[in-house]
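A.B. asks: Contents of final.tsv (TSV, C-alpha atoms) are below:
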chain	number	residue	atom	x	y	z
C	1	MET	CA	116.02	106.08	128.35
C	2	GLU	CA	114.53	104.78	125.10
C	3	VAL	CA	113.58	101.51	126.80
C	4	ASN	CA	111.67	103.38	129.48
C	5	LYS	CA	109.68	105.31	126.88
C	6	LYS	CA	108.70	102.09	125.12
C	7	SER	CA	107.70	100.56	128.43
C	8	VAL	CA	105.53	103.54	129.23
C	9	CYS	CA	103.86	103.35	125.81
C	10	TRP	CA	103.11	99.66	126.27
C	11	MET	CA	101.67	100.31	129.74
C	12	VAL	CA	99.42	103.08	128.41
C	13	LEU	CA	98.21	100.82	125.59
C	14	ILE	CA	97.45	97.97	128.00
C	15	PHE	CA	95.64	100.40	130.31
C	16	PHE	CA	93.32	101.59	127.55
C	17	LEU	CA	92.69	98.01	126.42
C	18	LEU	CA	91.71	97.10	129.96
C	19	LEU	CA	89.39	100.10	130.11
C	20	GLU	CA	87.74	99.04	126.86
C	21	THR	CA	87.31	95.46	128.11
C	22	SER	CA	85.83	96.49	131.48
C	23	SER	CA	83.42	98.95	129.91
C	24	TYR	CA	81.94	96.13	127.82
C	25	GLY	CA	80.70	94.22	130.87
C	26	ALA	CA	77.96	94.74	133.43
C	27	ARG	CA	78.26	94.75	137.19
C	28	VAL	CA	77.41	91.49	138.92
C	29	LYS	CA	74.91	93.27	141.20
C	30	ASP	CA	72.95	94.29	138.08
C	31	ILE	CA	72.77	90.81	136.52
C	32	ALA	CA	72.71	88.47	139.52
C	33	GLY	CA	71.73	88.15	143.17
C	34	ILE	CA	72.92	86.30	146.25
C	35	SER	CA	70.85	83.22	147.04
C	36	GLY	CA	68.59	83.83	150.04
C	37	VAL	CA	68.79	87.63	149.83
C	38	ARG	CA	65.43	88.66	148.41
C	39	ASP	CA	62.30	90.70	149.03
C	40	ASN	CA	59.31	89.22	150.84
C	41	GLN	CA	55.68	90.05	150.10
C	42	LEU	CA	53.28	91.07	152.85
C	43	MET	CA	49.49	91.34	152.77
C	44	GLY	CA	46.64	92.32	155.08
C	45	TYR	CA	42.93	93.18	155.17
C	46	GLY	CA	41.57	96.38	156.68
C	47	LEU	CA	39.14	99.27	156.58
C	48	VAL	CA	39.45	102.79	155.24
C	49	VAL	CA	37.34	105.40	157.05
C	50	GLY	CA	36.65	109.09	156.60
C	51	LEU	CA	35.33	108.89	153.03
C	52	ALA	CA	32.86	111.52	151.82
C	53	GLY	CA	30.04	109.10	151.01
C	54	THR	CA	32.11	107.19	148.44
C	55	GLY	CA	32.56	103.99	150.47
C	56	ASP	CA	30.93	100.57	150.17
C	57	ASP	CA	27.14	100.32	150.30
C	58	VAL	CA	25.08	98.11	152.62
C	59	LYS	CA	25.02	95.25	150.12
C	60	ASN	CA	28.63	94.36	150.95
C	61	GLY	CA	28.19	92.03	153.90
C	62	PHE	CA	31.91	91.64	154.63
C	63	THR	CA	32.27	95.42	155.04
C	64	LYS	CA	29.42	95.58	157.54
C	65	GLU	CA	30.74	92.57	159.43
C	66	SER	CA	34.26	93.99	159.54
C	67	LEU	CA	32.98	97.32	160.82
C	68	ALA	CA	30.85	95.59	163.47
C	69	ASN	CA	33.82	93.52	164.65
C	70	LEU	CA	35.99	96.63	164.79
C	71	LEU	CA	33.47	98.52	166.91
C	72	SER	CA	32.95	95.49	169.16
C	73	ARG	CA	36.67	95.41	169.92
C	74	GLN	CA	36.35	99.05	170.95
C	75	GLY	CA	33.75	98.13	173.56
C	76	LEU	CA	30.58	98.91	171.61
C	77	ALA	CA	27.74	96.35	171.58
C	78	MET	CA	26.96	95.94	167.86
C	79	LYS	CA	24.92	92.75	168.01
C	80	ASP	CA	21.67	92.96	165.95
C	81	LYS	CA	22.47	96.55	164.98
C	82	THR	CA	21.85	97.92	161.49
C	83	LEU	CA	24.97	99.56	160.07
C	84	LYS	CA	24.89	101.88	157.10
C	85	ALA	CA	28.24	103.59	156.89
C	86	ASP	CA	29.03	104.69	153.33
C	87	ASN	CA	32.09	106.49	154.65
C	88	THR	CA	33.87	103.13	155.09
C	89	ALA	CA	35.50	100.87	152.50
C	90	ALA	CA	37.02	97.39	152.76
C	91	VAL	CA	40.54	97.24	151.31
C	92	MET	CA	43.49	94.91	150.80
C	93	VAL	CA	46.87	96.24	151.90
C	94	THR	CA	50.15	95.02	150.38
C	95	ALA	CA	53.80	95.83	151.02
C	96	ILE	CA	57.30	94.59	150.19
C	97	LEU	CA	59.67	93.69	153.04
C	98	PRO	CA	63.25	94.23	151.80
C	99	PRO	CA	66.05	91.97	153.03
C	100	PHE	CA	67.83	93.00	156.22
C	101	SER	CA	64.95	95.28	157.29
C	102	LYS	CA	65.19	96.01	161.00
C	103	VAL	CA	62.48	96.45	163.61
C	104	GLY	CA	61.22	100.02	163.39
C	105	SER	CA	62.02	100.45	159.68
C	106	GLN	CA	59.27	102.03	157.58
C	107	LEU	CA	57.75	100.61	154.41
C	108	ASP	CA	55.50	101.98	151.69
C	109	VAL	CA	52.12	100.26	151.47
C	110	PHE	CA	49.57	99.98	148.66
C	111	VAL	CA	45.84	100.10	149.40
C	112	SER	CA	43.24	98.69	146.98
C	113	SER	CA	39.46	98.59	147.36
C	114	ILE	CA	37.78	95.16	147.19
C	115	GLY	CA	34.19	96.40	147.46
C	116	ASN	CA	32.19	98.82	145.33
C	117	SER	CA	33.70	101.97	146.77
C	118	LYS	CA	33.73	104.79	144.23
C	119	SER	CA	36.81	106.53	145.64
C	120	LEU	CA	39.26	106.31	148.53
C	121	TYR	CA	39.99	110.02	148.34
C	122	GLY	CA	40.48	111.59	151.76
C	123	GLY	CA	40.35	108.22	153.55
C	124	THR	CA	42.49	106.95	156.42
C	125	LEU	CA	43.58	103.35	156.76
C	126	LEU	CA	43.03	101.92	160.22
C	127	MET	CA	45.72	99.74	161.78
C	128	VAL	CA	46.26	96.59	159.70
C	129	PRO	CA	48.67	93.73	160.53
C	130	LEU	CA	50.65	92.66	157.46
C	131	ARG	CA	51.47	88.96	157.29
C	132	GLY	CA	53.94	86.96	155.28
C	133	ALA	CA	53.49	83.63	153.52
C	134	ASP	CA	54.12	81.84	156.82
C	135	GLY	CA	51.23	83.67	158.52
C	136	ALA	CA	53.47	85.65	160.89
C	137	VAL	CA	52.97	89.40	161.33
C	138	TYR	CA	56.02	91.31	160.08
C	139	ALA	CA	54.66	94.87	159.88
C	140	VAL	CA	51.71	97.05	160.87
C	141	ALA	CA	50.22	99.64	158.49
C	142	GLN	CA	48.14	102.76	159.16
C	143	GLY	CA	47.82	106.29	157.81
C	144	ALA	CA	46.26	108.69	155.30
C	145	ILE	CA	45.96	107.50	151.71
C	146	THR	CA	47.36	109.36	148.71
C	147	LEU	CA	45.59	108.67	145.42
C	148	GLY	CA	47.07	110.98	142.81
C	149	GLY	CA	43.58	111.31	141.32
C	150	PHE	CA	39.94	111.98	142.10
C	151	SER	CA	36.37	111.05	141.22
C	152	ALA	CA	33.56	113.61	141.33
C	153	GLY	CA	30.04	113.70	139.96
C	154	GLY	CA	26.54	115.05	140.30
C	155	GLY	CA	23.47	115.92	138.26
C	156	GLY	CA	24.01	113.05	135.83
C	157	GLY	CA	27.64	113.95	135.07
C	158	SER	CA	30.94	112.74	136.50
C	159	SER	CA	34.67	113.29	136.16
C	160	VAL	CA	37.41	110.79	136.97
C	161	LYS	CA	41.17	111.27	136.98
C	162	ASN	CA	43.57	108.33	137.25
C	163	HIS	CA	42.37	105.40	139.41
C	164	PRO	CA	40.54	106.55	142.57
C	165	SER	CA	39.95	103.08	144.06
C	166	ALA	CA	43.64	102.37	144.77
C	167	GLY	CA	46.32	104.42	146.47
C	168	ARG	CA	49.45	104.26	148.58
C	169	ILE	CA	50.76	105.40	151.94
C	170	THR	CA	54.38	106.53	151.97
C	171	ASN	CA	56.17	105.09	155.01
C	172	GLY	CA	52.77	103.81	156.09
C	173	ALA	CA	53.97	100.54	157.66
C	174	MET	CA	56.42	99.86	160.47
C	175	VAL	CA	58.42	96.64	160.66
C	176	GLU	CA	57.65	94.63	163.80
C	177	LYS	CA	59.62	91.48	163.03
C	178	GLN	CA	62.82	91.09	161.05
C	179	LEU	CA	64.14	88.21	159.02
C	180	ARG	CA	67.40	86.65	160.15
C	181	TYR	CA	70.26	85.96	157.76
C	182	ASP	CA	73.14	83.82	159.03
C	183	PHE	CA	75.93	84.80	156.65
C	184	GLU	CA	78.82	84.79	159.09
C	185	LYS	CA	78.68	81.02	159.62
C	186	SER	CA	78.23	80.23	155.95
C	187	ARG	CA	81.30	79.13	154.01
C	188	THR	CA	79.65	79.01	150.59
C	189	LEU	CA	77.80	81.52	148.44
C	190	SER	CA	75.44	80.89	145.58
C	191	ILE	CA	75.25	83.65	142.96
C	192	ASN	CA	72.16	83.32	140.77
C	193	LEU	CA	71.84	85.06	137.40
C	194	PHE	CA	68.60	86.91	136.66
C	195	ASN	CA	68.74	85.67	133.04
C	196	PRO	CA	70.30	82.18	132.98
C	197	ASP	CA	73.02	81.71	130.36
C	198	PHE	CA	75.91	79.21	130.29
C	199	THR	CA	78.33	81.67	128.71
C	200	THR	CA	77.66	84.42	131.24
C	201	SER	CA	77.82	81.92	134.10
C	202	SER	CA	81.21	80.65	132.92
C	203	ARG	CA	82.54	84.19	132.56
C	204	LEU	CA	81.31	85.07	136.04
C	205	ALA	CA	83.17	82.13	137.61
C	206	ALA	CA	86.33	82.96	135.66
C	207	SER	CA	86.18	86.64	136.70
C	208	ILE	CA	85.85	85.76	140.39
C	209	ASN	CA	88.77	83.30	140.27
C	210	SER	CA	91.02	85.74	138.41
C	211	VAL	CA	90.38	88.80	140.60
C	212	ILE	CA	89.64	87.51	144.12
C	213	THR	CA	92.16	85.31	145.91
C	214	ASN	CA	91.60	82.65	148.61
C	215	VAL	CA	88.22	81.66	147.14
C	216	ALA	CA	87.14	79.07	144.58
C	217	ALA	CA	84.27	79.84	142.18
C	218	LYS	CA	82.66	77.03	140.23
C	219	GLU	CA	79.96	77.12	137.61
C	220	VAL	CA	77.07	74.84	138.63
C	221	ASP	CA	74.63	75.41	135.75
C	222	SER	CA	73.41	78.18	133.47
C	223	SER	CA	71.96	80.07	136.42
C	224	SER	CA	74.24	79.56	139.45
C	225	VAL	CA	77.88	79.96	140.45
C	226	PHE	CA	79.07	78.57	143.80
C	227	VAL	CA	81.81	80.42	145.65
C	228	LYS	CA	83.61	78.44	148.36
C	229	LEU	CA	85.35	80.34	151.16
C	230	PRO	CA	88.33	79.01	153.12
C	231	GLU	CA	87.43	77.21	156.35
C	232	ASP	CA	89.91	79.18	158.47
C	233	GLY	CA	87.69	82.25	158.34
C	234	ARG	CA	90.37	84.57	156.92
C	235	VAL	CA	87.95	85.95	154.34
C	236	ASN	CA	85.21	88.32	155.54
C	237	ILE	CA	82.05	87.25	153.75
C	238	PHE	CA	80.60	90.76	153.63
C	239	GLU	CA	83.75	92.21	152.05
C	240	LEU	CA	83.77	89.30	149.62
C	241	ILE	CA	80.18	89.99	148.53
C	242	SER	CA	81.06	93.66	148.04
C	243	GLN	CA	83.99	92.74	145.79
C	244	ILE	CA	81.99	90.21	143.78
C	245	GLU	CA	78.96	92.43	143.11
C	246	ASN	CA	81.20	95.21	141.75
C	247	LEU	CA	82.99	92.99	139.23
C	248	ASP	CA	82.38	93.69	135.54
C	249	VAL	CA	81.34	90.56	133.64
C	250	PRO	CA	80.64	90.43	129.87
C	251	VAL	CA	77.01	89.45	129.45
C	252	ASP	CA	75.88	87.14	126.68
C	253	SER	CA	72.31	86.34	125.69
C	254	LYS	CA	70.28	84.43	123.15
C	255	ALA	CA	69.10	86.04	119.94
C	256	VAL	CA	65.52	87.07	120.67
C	257	VAL	CA	62.88	89.06	118.79
C	258	VAL	CA	60.01	90.23	121.01
C	259	MET	CA	56.83	91.47	119.36
C	260	ASN	CA	53.69	92.98	120.85
C	261	GLU	CA	50.88	92.81	118.31
C	262	LYS	CA	48.53	94.90	120.46
C	263	THR	CA	50.84	97.93	120.39
C	264	GLY	CA	52.86	97.20	117.27
C	265	THR	CA	56.14	97.11	119.23
C	266	VAL	CA	59.09	95.11	117.89
C	267	VAL	CA	62.34	94.73	119.87
C	268	MET	CA	65.37	92.83	118.53
C	269	GLY	CA	68.49	91.70	120.37
C	270	GLU	CA	71.94	92.42	119.00
C	271	ASN	CA	72.56	88.77	118.06
C	272	VAL	CA	69.59	88.50	115.67
C	273	ARG	CA	70.57	87.23	112.23
C	274	ILE	CA	68.51	86.79	109.06
C	275	SER	CA	69.55	84.57	106.17
C	276	THR	CA	69.15	85.76	102.61
C	277	VAL	CA	65.44	85.81	101.74
C	278	ALA	CA	63.15	87.34	99.15
C	279	ILE	CA	60.16	89.28	100.50
C	280	ALA	CA	57.04	90.58	98.76
C	281	HIS	CA	54.59	92.31	101.05
C	282	GLY	CA	51.53	94.22	99.90
C	283	ASN	CA	48.37	95.46	101.58
C	284	LEU	CA	44.89	94.98	100.21
C	285	SER	CA	42.56	97.77	101.26
C	286	ILE	CA	38.81	97.95	100.58
C	287	GLN	CA	37.00	101.24	101.09
C	288	ILE	CA	33.22	101.62	100.99
C	289	LYS	CA	32.00	105.20	100.87
C	290	GLU	CA	28.36	106.20	101.28
C	291	ASP	CA	27.12	109.69	100.35
C	292	MET	CA	23.64	111.07	101.09
C	293	ARG	CA	22.29	113.34	98.35
C	294	VAL	CA	19.22	115.59	98.76
C	295	SER	CA	17.07	116.70	95.79
C	296	GLN	CA	15.16	119.86	96.67
C	297	PRO	CA	12.25	120.64	94.26
C	298	LEU	CA	11.53	124.11	92.94
C	299	PRO	CA	8.63	126.11	94.37
C	300	PHE	CA	5.15	125.17	93.08
C	301	SER	CA	6.41	121.95	91.51
C	302	PRO	CA	3.69	119.27	91.19
C	303	SER	CA	3.58	116.45	93.72
C	304	PRO	CA	3.94	112.86	92.41
C	305	PRO	CA	0.93	110.57	92.70
C	306	PRO	CA	0.82	108.52	95.93
C	307	THR	CA	1.76	104.85	95.88
C	308	VAL	CA	-1.24	102.72	96.69
C	309	GLY	CA	-0.84	100.18	99.53
C	310	VAL	CA	2.71	101.25	100.52
C	311	PRO	CA	3.23	103.43	103.60
C	312	ARG	CA	4.95	106.73	102.90
C	313	SER	CA	7.77	105.90	105.35
C	314	GLY	CA	8.60	102.73	103.43
C	315	ARG	CA	8.72	104.16	99.89
C	316	GLU	CA	12.19	104.45	98.38
C	317	GLY	CA	13.07	108.01	97.41
C	318	VAL	CA	10.00	109.53	99.07
C	319	GLY	CA	10.69	112.31	101.60
C	320	VAL	CA	8.83	115.22	103.13
C	321	ILE	CA	6.01	116.87	101.22
C	322	VAL	CA	6.77	120.51	100.43
C	323	ALA	CA	3.79	122.81	100.05
C	324	PRO	CA	1.95	123.27	97.82
C	325	GLY	CA	2.94	120.05	96.02
C	326	GLY	CA	6.72	119.57	95.63
C	327	GLN	CA	8.61	116.75	97.34
C	328	THR	CA	12.17	116.48	98.77
C	329	VAL	CA	13.92	113.27	97.71
C	330	VAL	CA	16.95	111.78	99.55
C	331	THR	CA	19.10	109.34	97.58
C	332	THR	CA	22.14	107.29	98.60
C	333	ASP	CA	25.25	106.90	96.45
C	334	LYS	CA	27.58	104.03	97.38
C	335	THR	CA	31.11	103.74	96.03
C	336	THR	CA	33.32	100.71	96.59
C	337	THR	CA	37.06	101.02	95.89
C	338	VAL	CA	39.61	98.22	96.09
C	339	ASN	CA	43.31	99.14	96.20
C	340	GLU	CA	46.15	96.65	96.28
C	341	GLU	CA	49.73	97.83	96.69
C	342	LYS	CA	51.95	96.64	93.89
C	343	LYS	CA	55.05	95.59	95.80
C	344	GLN	CA	57.89	94.01	93.92
C	345	LEU	CA	59.79	90.99	95.22
C	346	MET	CA	62.77	92.37	97.16
C	347	VAL	CA	65.84	90.43	98.27
C	348	VAL	CA	66.88	90.99	101.87
C	349	PRO	CA	70.55	90.01	102.17
C	350	LYS	CA	71.99	88.05	105.05
C	351	GLY	CA	72.30	90.32	108.08
C	352	VAL	CA	75.64	90.37	109.87
C	353	THR	CA	74.67	92.80	112.62
C	354	ILE	CA	71.40	94.14	114.00
C	355	GLN	CA	72.04	97.38	112.09
C	356	ASP	CA	72.18	95.45	108.82
C	357	VAL	CA	68.97	93.60	109.68
C	358	VAL	CA	67.10	96.83	110.46
C	359	LYS	CA	68.47	98.53	107.35
C	360	ALA	CA	67.36	95.65	105.15
C	361	LEU	CA	63.86	95.55	106.62
C	362	ASN	CA	63.49	99.32	106.39
C	363	ALA	CA	64.33	99.06	102.71
C	364	VAL	CA	61.16	97.04	102.23
C	365	GLY	CA	59.21	100.02	103.62
C	366	VAL	CA	57.05	98.34	106.25
C	367	THR	CA	55.29	99.57	109.34
C	368	PRO	CA	55.84	97.92	112.75
C	369	ARG	CA	52.61	95.93	112.42
C	370	ASP	CA	53.60	94.74	108.95
C	371	LEU	CA	57.02	93.88	110.36
C	372	ILE	CA	55.39	91.49	112.85
C	373	THR	CA	53.79	89.54	110.02
C	374	ILE	CA	57.01	89.55	108.00
C	375	MET	CA	59.10	88.31	110.94
C	376	GLN	CA	56.64	85.48	111.58
C	377	THR	CA	56.81	84.47	107.93
C	378	ILE	CA	60.63	84.62	107.89
C	379	LYS	CA	60.72	82.43	111.01
C	380	ALA	CA	58.37	79.93	109.36
C	381	ALA	CA	60.70	79.84	106.36
C	382	GLY	CA	63.66	78.99	108.64
C	383	ALA	CA	65.58	82.13	107.73
C	384	LEU	CA	65.39	83.85	111.15
C	385	GLN	CA	68.16	82.75	113.52
C	386	ALA	CA	66.49	83.97	116.69
C	387	ASP	CA	63.85	83.06	119.21
C	388	LEU	CA	60.55	84.69	118.23
C	389	ARG	CA	58.39	85.69	121.20
C	390	ILE	CA	54.95	87.27	120.89
C	391	ILE	CA	53.51	88.96	123.98
What does this structure look like when you write it as structure tokens?
C.D. replies:
Amino acid sequence: MEVNKKSVCWMVLIFFLLLETSSYGARVKDIAGISGVRDNQLMGYGLVVGLAGTGDDVKNGFTKESLANLLSRQGLAMKDKTLKADNTAAVMVTAILPPFSKVGSQLDVFVSSIGNSKSLYGGTLLMVPLRGADGAVYAVAQGAITLGGFSAGGGGGSSVKNHPSAGRITNGAMVEKQLRYDFEKSRTLSINLFNPDFTTSSRLAASINSVITNVAAKEVDSSSVFVKLPEDGRVNIFELISQIENLDVPVDSKAVVVMNEKTGTVVMGENVRISTVAIAHGNLSIQIKEDMRVSQPLPFSPSPPPTVGVPRSGREGVGVIVAPGGQTVVTTDKTTTVNEEKKQLMVVPKGVTIQDVVKALNAVGVTPRDLITIMQTIKAAGALQADLRII
């Protein structure tokens, strides 16, 4: 009975260790994709009608020509006719065709003005064929546009909310042609990592070989893992993909520090390390302050004699004459102050973890923008063991 209790304890311990190990990883479907299974971009040109005078003006020749061609296809003779339709706007229509989309499936489309239309509010997109990179038509779009904003004005004033020259149509396109994927005849799969890394690729191949039987996974490079299926067809490829994409794989990555100087944003990866360095960082600030002072004379004070040959507007300290003889004088006081922070040289110890790195840099007392300059200087000194990227 004692042996059984020990066995149960060991099983419970192994179970919790397995839980801890699996929770450390990420699902394959979140870090990689199957080669050939991807989205496809679609694009088309069309017209939006029904605008309340906010469409393109007559100077846009392509809008007039497009409208004339549209009306001609409807049986109207538009040759040598003058068109002035400010309720129409020329637009580009884009959409994303997901993999395995079937004929009759609906897609969201995005509509963007390419003329000088002020707003697409209240407009309706006329039927537009959406083509792929090969020139074939895969979907057709049409419908009322939703902006999420507006543009209004009059009497010299205007008000704009969000971006009124671009909008979207939910389920505005219908798939007319589907892409074919021949997975059943394929005996190999290529799994491509979104962020190439040799360590993660090796772990992915090892996880597939240890969990899934009757298949052979081999690491090709830092981005791809090939999975070979048996030739007898005993393995269903769709079930295999489902098993692979739900595997948990520990993800490794390079040490990277990403900095955005425009916004002052600094992001560090967990593998960032800093060697022991000494940092002195101080800001030099110069402030120039200008104050306007007005000297108002007492009543009945005598007026100063005029300056001969110098216009009154150009005399320094001369203002408006106050009856019967006093004068208001405006003077300018300028003060220039220079302040330099007296920062002592501080030693930042070698960081073992990202928490230690952040704690050491916070001890210096810097702002995010100052941190960008400090990180660049540390990298130049060779003390930053990370890839420094500035966006």
A.B. asks: Have a look at C:Asn171, C:Thr367, C:Ser201, C:Asn236 and name the one nearest to Asn214 of chain C; count all atoms listed in the file.
C.D. replies: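 Of C:Asn171, C:Thr367, C:Ser201, C:Asn236, the one nearest Asn214 of chain C, counting all atoms listed in the file, is C:Asn236.
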A.B. asks: Measure the distance from atom CA of Gln106 of chain C to atom CA of Val175 of chain C in Å and round it to one decimal.
C.D. replies: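 Separation of atom CA of Gln106 of chain C and atom CA of Val175 of chain C: 6.3 Å.
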A.B. asks: (75.8, 78.1, 138.7) in this file's frame - what residues fall within 9 Å of it? Use all atoms listed in the file and give the answer as a short mmCIF file (atom, residue, chain, number, x, y, z; two decimals) with C-alpha atoms, in the frame of the given file.
C.D. replies:
data_model
loop_
_atom_site.label_atom_id
_atom_site.label_comp_id
_atom_site.auth_asym_id
_atom_site.auth_seq_id
_atom_site.Cartn_x
_atom_site.Cartn_y
_atom_site.Cartn_z
CA SER C 190 75.44 80.89 145.58
CA ILE C 191 75.25 83.65 142.96
CA ASN C 192 72.16 83.32 140.77
CA LEU C 193 71.84 85.06 137.40
CA PRO C 196 70.30 82.18 132.98
CA PHE C 198 75.91 79.21 130.29
CA SER C 201 77.82 81.92 134.10
CA SER C 202 81.21 80.65 132.92
CA ALA C 205 83.17 82.13 137.61
CA LYS C 218 82.66 77.03 140.23
CA GLU C 219 79.96 77.12 137.61
CA VAL C 220 77.07 74.84 138.63
CA ASP C 221 74.63 75.41 135.75
CA SER C 222 73.41 78.18 133.47
CA SER C 223 71.96 80.07 136.42
CA SER C 224 74.24 79.56 139.45
CA VAL C 225 77.88 79.96 140.45
CA PHE C 226 79.07 78.57 143.80
#
A.B. asks: In Å to one decimal, how far is atom CA of Leu51 of chain C from atom CA of Ala77 of chain C?
C.D. replies: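 Separation of atom CA of Ala77 of chain C and atom CA of Leu51 of chain C: 23.6 Å.
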A.B. asks: Select, from C:Gln178, C:Thr373, C:Ser210, C:Asn362, the residue with the minimum atom-to-atom distance to Glu261 of chain C, counting only C-alpha atoms.
C.D. replies: C:Thr373
A.B. asks: Out of C:Leu384, C:Thr331, C:Ile244, C:Thr200, which residue has the shortest atom-to-atom distance to Met268 of chain C when counting all atoms listed in the file?
C.D. replies: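 Closest to Met268 of chain C of all the choices is C:Leu384.
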A.B. asks: Determine, counting only C-alpha atoms, every residue of protein, DNA or RNA that lies within 10 Å of (65.6, 93.1, 151.9) in the file coordinates, then give the result as a list of chain:residue names.
C.D. replies: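 The residues that fall inside the cut-off are C:Gly36, C:Val37, C:Arg38, C:Asp39, C:Asn40, C:Ile96, C:Leu97, C:Pro98, C:Pro99, C:Phe100, C:Ser101, C:Lys102, C:Gln178, C:Leu179.
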A.B. asks: When you look at Ser119 of chain C with a cut-off of 6 Å (counting all atoms listed in the file), what residues show up, excluding the ones that are within fewer than 3 positions of it in the same chain? I need them as a PyMOL selection string.
C.D. replies: chain C and resi 54+164-165
A.B. asks: Let me make sure I understand: among C:Arg273, C:Lys84, C:Lys254, C:Arg27, which one has the smallest atom-to-atom distance to Lys64 of chain C if we use all atoms listed in the file?
C.D. replies: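 Result for the nearest residue to Lys64 of chain C: C:Lys84.
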